[in-house]
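Peer 1: The following file, structure-v1.cif, comprises mmCIF, C-alpha atoms:
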data_start
#
loop_
_atom_site.label_atom_id
_atom_site.label_comp_id
_atom_site.auth_asym_id
_atom_site.auth_seq_id
_atom_site.Cartn_x
_atom_site.Cartn_y
_atom_site.Cartn_z
CA MET H 1 8.97 24.98 20.75
CA ARG H 2 7.66 21.46 21.22
CA LEU H 3 9.77 19.11 23.27
CA PHE H 4 9.85 15.60 21.90
CA ARG H 5 10.28 12.58 24.09
CA LYS H 6 11.58 9.21 23.01
CA ILE H 7 10.15 6.01 24.47
CA VAL H 8 12.08 2.80 23.82
CA ILE H 9 10.13 -0.48 24.07
CA PRO H 10 11.52 -3.97 23.40
CA MET H 11 9.49 -5.39 20.53
CA MET H 12 9.51 -8.84 22.09
CA LEU H 13 6.97 -7.50 24.56
CA ILE H 14 4.79 -6.17 21.77
CA LEU H 15 5.02 -9.34 19.72
CA SER H 16 4.33 -11.47 22.81
CA ILE H 17 6.87 -14.02 21.66
CA CYS H 18 9.03 -15.81 24.21
CA ARG H 19 12.74 -16.04 23.66
CA VAL H 20 14.01 -19.57 23.43
CA ASN H 21 17.69 -18.69 23.26
CA ALA H 22 19.41 -15.68 24.75
CA PHE H 23 21.22 -15.20 21.45
CA ALA H 24 20.08 -16.50 18.08
CA GLU H 25 22.49 -18.50 15.98
CA GLU H 26 24.23 -16.41 13.35
CA ILE H 27 22.75 -16.97 9.89
CA GLU H 28 25.12 -18.43 7.32
CA GLU H 29 25.50 -16.10 4.34
CA PRO H 30 24.40 -17.44 0.94
CA ASP H 31 27.13 -18.38 -1.51
CA VAL H 32 26.62 -15.99 -4.44
CA LYS H 33 29.26 -15.38 -7.10
CA ALA H 34 27.36 -12.75 -9.11
CA LEU H 35 28.85 -9.26 -9.42
CA GLY H 36 25.59 -7.76 -8.18
CA ALA H 37 22.81 -9.54 -6.33
CA VAL H 38 19.83 -8.93 -4.09
CA LEU H 39 17.01 -10.78 -2.39
CA ILE H 40 13.85 -8.88 -1.46
CA ASP H 41 10.49 -9.69 0.08
CA GLY H 42 7.79 -9.44 -2.56
CA GLU H 43 5.17 -8.16 -0.11
CA SER H 44 7.02 -5.38 1.72
CA GLY H 45 9.96 -4.83 -0.64
CA ARG H 46 12.35 -5.25 2.27
CA ILE H 47 15.92 -6.22 1.32
CA LEU H 48 16.83 -9.53 2.98
CA TRP H 49 20.32 -9.87 1.48
CA GLU H 50 22.43 -7.90 -0.94
CA LYS H 51 25.77 -7.79 -2.69
CA ASN H 52 26.67 -4.64 -4.64
CA ALA H 53 22.91 -4.20 -5.07
CA ASP H 54 23.21 -0.58 -6.25
CA GLU H 55 26.13 -1.07 -8.63
CA GLN H 56 25.26 -0.11 -12.19
CA LEU H 57 25.78 -3.17 -14.40
CA ALA H 58 24.76 -4.39 -17.83
CA ASN H 59 21.58 -6.39 -17.28
CA ALA H 60 21.01 -8.13 -20.63
CA SER H 61 17.52 -9.54 -21.32
CA THR H 62 16.23 -8.97 -17.81
CA THR H 63 15.44 -5.64 -19.48
CA LYS H 64 12.50 -7.38 -21.15
CA ILE H 65 10.62 -7.42 -17.83
CA MET H 66 10.10 -3.68 -18.25
CA THR H 67 9.25 -4.08 -21.94
CA CYS H 68 6.59 -6.64 -21.04
CA ILE H 69 4.92 -4.64 -18.27
CA LEU H 70 4.73 -1.52 -20.44
CA ALA H 71 3.11 -3.57 -23.19
CA LEU H 72 0.62 -5.06 -20.74
CA GLU H 73 -0.32 -1.58 -19.55
CA SER H 74 -0.51 -0.08 -23.05
CA GLY H 75 -4.09 -1.13 -23.73
CA LYS H 76 -2.97 -2.46 -27.14
CA LEU H 77 -2.72 -6.20 -26.46
CA ASP H 78 -5.32 -7.16 -29.05
CA GLU H 79 -3.87 -4.93 -31.76
CA THR H 80 -2.03 -6.37 -34.76
CA VAL H 81 1.66 -5.55 -35.03
CA THR H 82 3.23 -5.13 -38.47
CA VAL H 83 6.89 -6.11 -38.23
CA SER H 84 9.39 -3.53 -39.47
CA SER H 85 12.68 -4.22 -41.24
CA ASN H 86 14.46 -3.02 -38.09
CA ALA H 87 12.65 -5.54 -35.89
CA ALA H 88 13.19 -8.36 -38.38
CA ALA H 89 16.93 -7.62 -38.52
CA GLN H 90 17.56 -8.04 -34.79
CA PRO H 91 20.26 -10.54 -33.82
CA LYS H 92 19.77 -13.82 -31.97
CA THR H 93 18.01 -14.80 -29.84
CA ARG H 94 15.05 -14.22 -32.19
CA MET H 95 11.80 -15.88 -33.15
CA GLY H 96 12.40 -15.29 -36.87
CA LEU H 97 9.92 -12.55 -37.73
CA SER H 98 10.04 -11.17 -41.27
CA GLU H 99 9.40 -7.66 -42.55
CA GLY H 100 5.69 -7.01 -43.09
CA GLU H 101 4.59 -10.01 -41.02
CA GLU H 102 1.48 -9.40 -38.91
CA ILE H 103 0.99 -10.80 -35.42
CA LYS H 104 -0.97 -9.90 -32.28
CA LEU H 105 0.88 -7.86 -29.68
CA ARG H 106 -0.29 -10.23 -26.93
CA ASP H 107 1.33 -13.19 -28.71
CA LEU H 108 4.64 -11.37 -29.02
CA LEU H 109 4.84 -11.15 -25.21
CA TYR H 110 5.16 -14.93 -24.97
CA ALA H 111 8.10 -14.94 -27.39
CA LEU H 112 9.58 -12.00 -25.49
CA MET H 113 9.45 -13.56 -22.03
CA LEU H 114 9.68 -17.31 -22.67
CA GLN H 115 12.47 -17.47 -25.23
CA SER H 116 13.81 -13.90 -25.01
CA SER H 117 13.20 -12.96 -28.65
CA ASN H 118 15.00 -9.74 -29.57
CA ASP H 119 12.95 -9.19 -32.72
CA ALA H 120 9.73 -9.45 -30.70
CA ALA H 121 11.02 -6.78 -28.27
CA VAL H 122 11.69 -4.26 -31.03
CA ALA H 123 8.39 -5.00 -32.78
CA ILE H 124 6.57 -4.39 -29.48
CA ALA H 125 8.44 -1.14 -28.82
CA GLU H 126 7.85 0.28 -32.31
CA HIS H 127 4.16 -0.60 -32.29
CA ILE H 128 3.47 0.95 -28.88
CA SER H 129 5.57 4.12 -29.14
CA GLY H 130 6.36 4.55 -32.84
CA SER H 131 10.09 4.06 -32.34
CA VAL H 132 12.57 2.28 -30.12
CA GLU H 133 13.86 5.62 -28.84
CA GLU H 134 10.41 6.80 -27.74
CA PHE H 135 9.68 3.47 -26.10
CA CYS H 136 12.96 3.56 -24.18
CA GLY H 137 11.97 6.99 -22.93
CA SER H 138 8.79 5.45 -21.53
CA MET H 139 10.84 2.63 -19.99
CA ASN H 140 13.03 5.13 -18.18
CA ASP H 141 10.06 7.20 -17.05
CA LYS H 142 8.46 4.07 -15.58
CA ALA H 143 11.71 3.06 -13.90
CA ALA H 144 11.97 6.47 -12.25
CA GLU H 145 8.33 6.29 -11.16
CA LEU H 146 9.01 2.95 -9.44
CA GLY H 147 12.14 4.23 -7.70
CA ALA H 148 14.64 2.47 -9.97
CA VAL H 149 16.87 5.54 -9.96
CA ASN H 150 20.11 3.83 -11.04
CA THR H 151 18.72 2.44 -14.28
CA ASN H 152 18.96 3.64 -17.87
CA PHE H 153 17.41 1.71 -20.75
CA GLU H 154 18.64 2.28 -24.30
CA THR H 155 17.10 -0.84 -25.86
CA PRO H 156 13.88 -2.77 -25.24
CA ASN H 157 15.70 -6.11 -25.47
CA GLY H 158 18.83 -5.56 -23.35
CA LEU H 159 21.44 -5.98 -26.08
CA ASP H 160 24.73 -4.38 -25.14
CA SER H 161 24.75 -0.61 -25.49
CA ASP H 162 27.14 2.03 -24.16
CA ASN H 163 24.69 3.57 -21.71
CA HIS H 164 22.29 0.69 -21.01
CA TYR H 165 22.43 -0.50 -17.41
CA SER H 166 20.53 -1.27 -14.26
CA THR H 167 21.25 -2.61 -10.77
CA ALA H 168 20.24 -5.74 -8.92
CA TYR H 169 18.03 -3.69 -6.59
CA ASP H 170 16.38 -1.72 -9.40
CA MET H 171 15.54 -4.90 -11.29
CA ALA H 172 14.07 -6.35 -8.09
CA ILE H 173 11.70 -3.43 -7.55
CA ILE H 174 10.71 -3.39 -11.23
CA THR H 175 9.95 -7.10 -10.98
CA ARG H 176 8.04 -6.66 -7.72
CA TYR H 177 5.81 -4.19 -9.53
CA ALA H 178 5.39 -6.47 -12.57
CA LEU H 179 4.38 -9.44 -10.41
CA GLN H 180 1.34 -7.50 -9.25
CA ASN H 181 -0.02 -7.88 -12.78
CA GLU H 182 -1.85 -11.22 -13.09
CA GLU H 183 -1.34 -11.45 -16.85
CA PHE H 184 2.40 -10.95 -16.37
CA ARG H 185 2.39 -13.86 -13.92
CA GLU H 186 0.43 -16.00 -16.36
CA ILE H 187 2.88 -15.34 -19.19
CA ILE H 188 6.06 -16.09 -17.20
CA ASN H 189 4.55 -19.31 -15.83
CA THR H 190 3.63 -20.67 -19.26
CA ARG H 191 5.84 -23.64 -20.14
CA GLN H 192 5.05 -23.81 -23.85
CA VAL H 193 2.63 -22.08 -26.20
CA THR H 194 1.81 -22.04 -29.90
CA ILE H 195 1.24 -18.65 -31.52
CA LYS H 196 0.37 -17.69 -35.09
CA SER H 197 1.01 -14.78 -37.40
CA ASP H 198 -0.39 -14.25 -40.86
CA ARG H 199 2.62 -16.18 -42.20
CA CYS H 200 3.85 -18.66 -39.61
CA THR H 201 3.03 -20.82 -36.63
CA TYR H 202 5.54 -20.59 -33.79
CA THR H 203 6.09 -22.98 -30.89
CA VAL H 204 7.51 -20.98 -27.98
CA VAL H 205 9.23 -22.88 -25.14
CA ASN H 206 10.08 -21.34 -21.76
CA LYS H 207 13.85 -21.30 -21.09
CA ASN H 208 13.45 -20.67 -17.36
CA ARG H 209 14.87 -23.77 -15.66
CA LEU H 210 13.82 -22.51 -12.24
CA LEU H 211 10.19 -23.39 -12.99
CA SER H 212 11.03 -27.10 -13.12
CA GLU H 213 13.94 -27.18 -10.68
CA TYR H 214 12.73 -25.16 -7.72
CA SER H 215 9.61 -25.76 -5.64
CA GLY H 216 7.29 -22.76 -5.68
CA ALA H 217 9.04 -21.00 -8.59
CA ILE H 218 6.93 -18.41 -10.42
CA GLY H 219 9.44 -16.88 -12.83
CA VAL H 220 10.92 -14.61 -14.04
CA LYS H 221 13.57 -13.89 -16.76
CA THR H 222 16.95 -15.07 -18.00
CA GLY H 223 19.57 -12.84 -19.61
CA PHE H 224 22.99 -13.00 -21.24
CA THR H 225 25.24 -10.77 -23.31
CA GLY H 226 29.01 -10.63 -23.65
CA LYS H 227 29.12 -7.51 -21.52
CA ALA H 228 26.55 -8.53 -18.88
CA GLY H 229 27.46 -12.18 -18.43
CA GLN H 230 24.84 -14.58 -17.12
CA CYS H 231 21.92 -12.81 -15.41
CA PHE H 232 18.66 -13.98 -13.93
CA VAL H 233 15.70 -12.50 -12.11
CA GLY H 234 13.91 -15.19 -10.13
CA ALA H 235 10.82 -15.38 -7.95
CA ALA H 236 9.26 -18.08 -5.84
CA GLU H 237 6.38 -18.41 -3.42
CA ARG H 238 6.17 -20.73 -0.40
CA ASN H 239 3.75 -20.69 2.53
CA GLY H 240 2.42 -17.26 1.62
CA MET H 241 5.85 -15.66 1.26
CA THR H 242 7.01 -14.37 -2.14
CA LEU H 243 10.72 -13.75 -2.63
CA ILE H 244 12.41 -12.02 -5.57
CA SER H 245 16.07 -12.64 -6.38
CA VAL H 246 18.32 -10.90 -8.88
CA VAL H 247 21.80 -11.94 -10.00
CA LEU H 248 23.74 -9.86 -12.53
CA GLY H 249 27.06 -11.10 -13.88
CA SER H 250 27.05 -14.62 -12.40
CA GLY H 251 29.81 -15.56 -14.81
CA TRP H 252 30.65 -16.31 -18.43
CA GLY H 253 30.94 -19.48 -20.46
CA SER H 254 29.55 -22.83 -19.35
CA ILE H 255 30.47 -22.18 -15.71
CA GLY H 256 28.58 -18.89 -15.64
CA LYS H 257 25.61 -20.42 -17.42
CA GLU H 258 25.21 -22.93 -14.61
CA ARG H 259 26.24 -20.52 -11.86
CA LYS H 260 23.26 -18.18 -12.31
CA TRP H 261 20.94 -21.03 -11.30
CA ILE H 262 23.11 -21.93 -8.30
CA ASP H 263 23.27 -18.29 -7.18
CA THR H 264 19.50 -17.92 -7.53
CA LYS H 265 18.66 -21.09 -5.60
CA ASN H 266 21.13 -20.18 -2.85
CA LEU H 267 19.48 -16.77 -2.47
CA LEU H 268 15.94 -18.14 -2.39
CA ASN H 269 16.89 -20.92 0.03
CA TYR H 270 18.48 -18.34 2.32
CA GLY H 271 15.27 -16.34 2.40
CA PHE H 272 12.83 -19.20 2.91
CA GLU H 273 14.98 -20.92 5.55
CA ASN H 274 15.73 -17.88 7.69
CA PHE H 275 12.78 -15.46 7.54
CA ASP H 276 9.17 -15.55 8.75
CA TYR H 277 6.47 -12.88 8.68
CA TYR H 278 5.62 -10.96 11.86
CA ASP H 279 2.96 -8.29 12.43
CA ILE H 280 4.99 -5.60 14.14
CA CYS H 281 2.31 -2.91 13.97
CA ILE H 282 -1.50 -3.01 13.77
CA GLU H 283 -3.46 -0.03 12.40
CA GLY H 284 -5.47 1.77 15.08
CA ASP H 285 -3.50 0.55 18.10
CA PHE H 286 -3.56 3.04 20.97
CA ILE H 287 -0.09 4.40 21.82
CA GLU H 288 -0.53 7.30 24.25
CA ASN H 289 -2.69 10.22 25.34
CA ILE H 290 -1.19 13.70 24.89
CA PRO H 291 -2.38 16.98 26.49
CA VAL H 292 -3.56 19.66 24.06
CA ASN H 293 -2.53 23.24 24.77
CA ASN H 294 -5.01 26.11 24.27
CA SER H 295 -7.96 23.76 24.66
CA TYR H 296 -10.47 23.24 27.46
CA GLY H 297 -8.28 20.79 29.32
CA GLU H 298 -8.65 18.21 26.57
CA SER H 299 -6.21 15.62 25.26
CA VAL H 300 -5.72 13.62 22.08
CA ASN H 301 -5.45 9.85 21.70
CA VAL H 302 -2.47 8.89 19.56
CA ILE H 303 -2.82 5.73 17.43
CA THR H 304 -0.88 3.88 14.75
CA SER H 305 -1.81 4.87 11.20
CA GLU H 306 -1.13 1.58 9.42
CA SER H 307 -0.40 -2.11 9.80
CA ILE H 308 3.11 -3.36 9.10
CA ARG H 309 4.08 -6.97 8.42
CA LEU H 310 7.70 -7.81 7.76
CA PRO H 311 9.84 -10.89 7.24
CA LEU H 312 12.31 -11.17 10.13
CA SER H 313 15.06 -13.57 10.96
CA THR H 314 15.20 -15.03 14.47
CA SER H 315 18.08 -12.75 15.45
CA GLU H 316 16.27 -9.68 14.10
CA ARG H 317 13.09 -10.61 15.95
CA GLU H 318 14.97 -10.97 19.22
CA ALA H 319 16.87 -7.71 18.76
CA LEU H 320 13.88 -5.69 17.56
CA PHE H 321 12.75 -2.69 19.57
CA VAL H 322 10.63 0.37 18.88
CA GLU H 323 11.33 4.04 19.48
CA VAL H 324 8.19 6.11 19.96
CA LYS H 325 8.79 9.77 19.18
CA LEU H 326 6.01 12.01 20.49
CA PRO H 327 5.82 15.59 21.77
CA GLU H 328 5.10 16.28 25.44
CA SER H 329 2.04 18.20 24.27
CA VAL H 330 0.48 19.66 21.12
CA ASP H 331 -1.30 22.90 20.33
CA ALA H 332 -4.97 23.10 19.45
CA PRO H 333 -6.70 22.72 17.10
CA VAL H 334 -6.10 19.04 16.38
CA GLU H 335 -7.80 17.25 13.49
CA ILE H 336 -8.60 13.55 13.23
CA GLY H 337 -5.75 11.85 11.34
CA GLN H 338 -3.29 14.65 12.03
CA GLU H 339 0.26 13.33 12.35
CA MET H 340 1.50 13.45 15.94
CA GLY H 341 4.79 11.57 15.81
CA THR H 342 6.52 8.42 14.63
CA MET H 343 7.32 4.88 15.69
CA LEU H 344 10.71 3.63 14.52
CA PHE H 345 11.34 -0.11 14.46
CA LYS H 346 15.04 -0.91 14.91
CA THR H 347 17.36 -3.84 15.33
CA ASP H 348 20.19 -1.62 16.59
CA SER H 349 20.80 2.07 17.21
CA GLU H 350 21.38 2.81 13.52
CA THR H 351 19.29 0.31 11.56
CA ILE H 352 15.66 1.31 10.97
CA ILE H 353 13.74 -1.54 9.33
CA ALA H 354 10.32 0.15 9.34
CA GLN H 355 8.51 3.21 10.59
CA CYS H 356 4.89 4.06 11.25
CA PRO H 357 3.37 7.55 11.49
CA LEU H 358 1.34 8.14 14.65
CA THR H 359 -1.88 10.10 14.19
CA ALA H 360 -4.71 11.69 16.18
CA GLU H 361 -7.73 9.50 16.84
CA ASN H 362 -9.93 12.42 17.95
CA ALA H 363 -10.29 16.11 17.15
CA VAL H 364 -9.70 18.87 19.70
CA ASN H 365 -10.98 22.44 19.24
CA LYS H 366 -8.91 25.49 20.00
CA LYS H 367 -9.86 27.63 22.98
CA ASP H 368 -11.01 30.94 21.46
CA VAL H 369 -13.94 33.37 21.54
CA LYS H 370 -15.99 31.42 19.02
CA THR H 371 -15.70 28.02 20.74
CA THR H 372 -16.14 29.60 24.19
CA ALA H 373 -19.35 31.27 23.05
CA GLY H 374 -20.60 27.98 21.64
CA ILE H 375 -19.97 26.18 24.92
CA LEU H 376 -21.67 28.93 26.93
CA ILE H 377 -24.73 28.91 24.66
CA LYS H 378 -25.09 25.15 25.15
CA TYR H 379 -24.72 25.64 28.91
CA TRP H 380 -27.38 28.37 28.98
CA ILE H 381 -29.85 26.56 26.71
CA ASN H 382 -29.73 23.14 28.29
CA PRO H 383 -30.67 24.19 31.85
CA GLN H 384 -33.55 26.28 30.48
CA LYS H 385 -34.87 23.32 28.50
CA SER H 386 -34.55 21.14 31.55
CA PHE H 387 -36.54 23.67 33.65
CA ILE H 388 -39.32 23.91 31.07
CA LEU H 389 -39.67 20.17 30.90
CA LYS H 390 -39.88 19.92 34.71
CA SER H 391 -42.48 22.73 34.90
CA ASN H 392 -44.78 20.93 32.51
#
Could you spell out this file's structure in structure tokens?
Peer 2:
Amino acid sequence: MRLFRKIVIPMMLILSICRVNAFAEEIEEPDVKALGAVLIDGESGRILWEKNADEQLANASTTKIMTCILALESGKLDETVTVSSNAAAQPKTRMGLSEGEEIKLRDLLYALMLQSSNDAAVAIAEHISGSVEEFCGSMNDKAAELGAVNTNFETPNGLDSDNHYSTAYDMAIITRYALQNEEFREIINTRQVTIKSDRCTYTVVNKNRLLSEYSGAIGVKTGFTGKAGQCFVGAAERNGMTLISVVLGSGWGSIGKERKWIDTKNLLNYGFENFDYYDICIEGDFIENIPVNNSYGESVNVITSESIRLPLSTSEREALFVEVKLPESVDAPVEIGQEMGTMLFKTDSETIIAQCPLTAENAVNKKDVKTTAGILIKYWINPQKSFILKSN
């Protein structure tokens, strides 16, 4: 049985950052009234702040983020959609499509995301999958694939339904995925656009106030129903850092309508004011040399398998330490890239903020008849060749 050892190293030594204060000032929590909320780093996905982030809640038209990304990935953007009676009959908010009207799928995405058109959402779903039910199945499959395990979509537009829900965290990871699509980013950043069908010309205006009220804003989607209350998924980018915020149920009525913007700005301000990126692990860094049993006295160099960059607050940076878990020795054979152990990055004894597999930099053969014979043959041949060369 292998005996594992644990090495604990203060990360301040690794980061080579001097402490200015013995103890960092405690960060003031953001004022957020929403029933469920979360702030994550767009690069790493790390949660920076949360409130009931895994609570299943009605999420209104933030649902349309998933509808949009599935449409973008469908390969059907340039196809013409024929509007069904079902799509045309959807309640407000709607762009006013009529049964039999023809319009490009790509154009419907602007109505979907900028002014939250419910008729556009159903027209998109029916064109891509044949029915709303089939499309919602694809939505749920995609959610599961992304790790949004507490989400169930029953509509493509987010209208209230008995079993339609998501969580603040699930909507954040869905949005993080969507933001990797450049066309998605282009759509949600469009302030106003004119689109045409075979019957009408539509002027579509973006309802996202964050774009004009918050420096660095890049989206994403408003939402409201009687059951969900005021909801908003926001994103902003400053100095190379992208943050994603989600607020579900920020309130109802005129107070709630304004509160979702206040909640969002408070979350984003909290992130930008208190977190900076740090490289806590660089791929290929040497960690230790471990003896290899059943070899010819050889050892293996253990290195980090990946680079890790995380946003950290001052207090987290000062508290950060790493636990290196490695065996006292390993058995041959060892292959290049073979996992040897793990580095755990912690801010206290229980909280792991990141981990990095440790792998073998070099291969080591097992001591057996075949490898022994190979070594002996080399030993016998080389001296003979050397003698022949000297004799000539």
Peer 1: Just give me the gap between CA of Asp348 in chain H and CA of Asp41 in chain H in Å, one decimal is fine.
Peer 2: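 Computing the Euclidean distance for CA of Asp348 in chain H and CA of Asp41 in chain H yields 20.8 Å.
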Peer 1: Got a sec: who's within 7 Å of Cys356 in chain H, counting all atoms listed in the file, leaving out chain neighbours fewer than 4 positions off, as an MDAnalysis selection string?
Peer 2: chainID H and resid 304:306 342:344
Peer 1: Tell me, counting all atoms listed in the file, for each residue of range 104-179 of chain H within 7 Å of range 191-211 of chain H, which pair of atoms is nearest and how far apart they are in Å to one decimal, in rows ordered by chain and increasing number, as CSV.
Peer 2:
residue,atom,partner,partner_atom,distance
H:Asp107,CA,H:Ile195,CA,6.1
H:Ala111,CA,H:Val204,CA,6.1
H:Leu114,CA,H:Asn206,CA,4.2
H:Gln115,CA,H:Asn206,CA,5.7
Peer 1: Identify which of the residues H:Thr155, H:Gln355, H:Cys231, H:Glu361 lies closest to Lys257 in chain H, counting only C-alpha atoms when measuring atom-to-atom distances.
Peer 2: H:Cys231
Peer 1: Taking only C-alpha atoms into account, name the residue in H:Ala89, H:Ile69, H:Met171, H:Leu35 that is nearest to Arg185 in chain H.
Peer 2: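 Of all the options, H:Ile69 lies closest to Arg185 in chain H.
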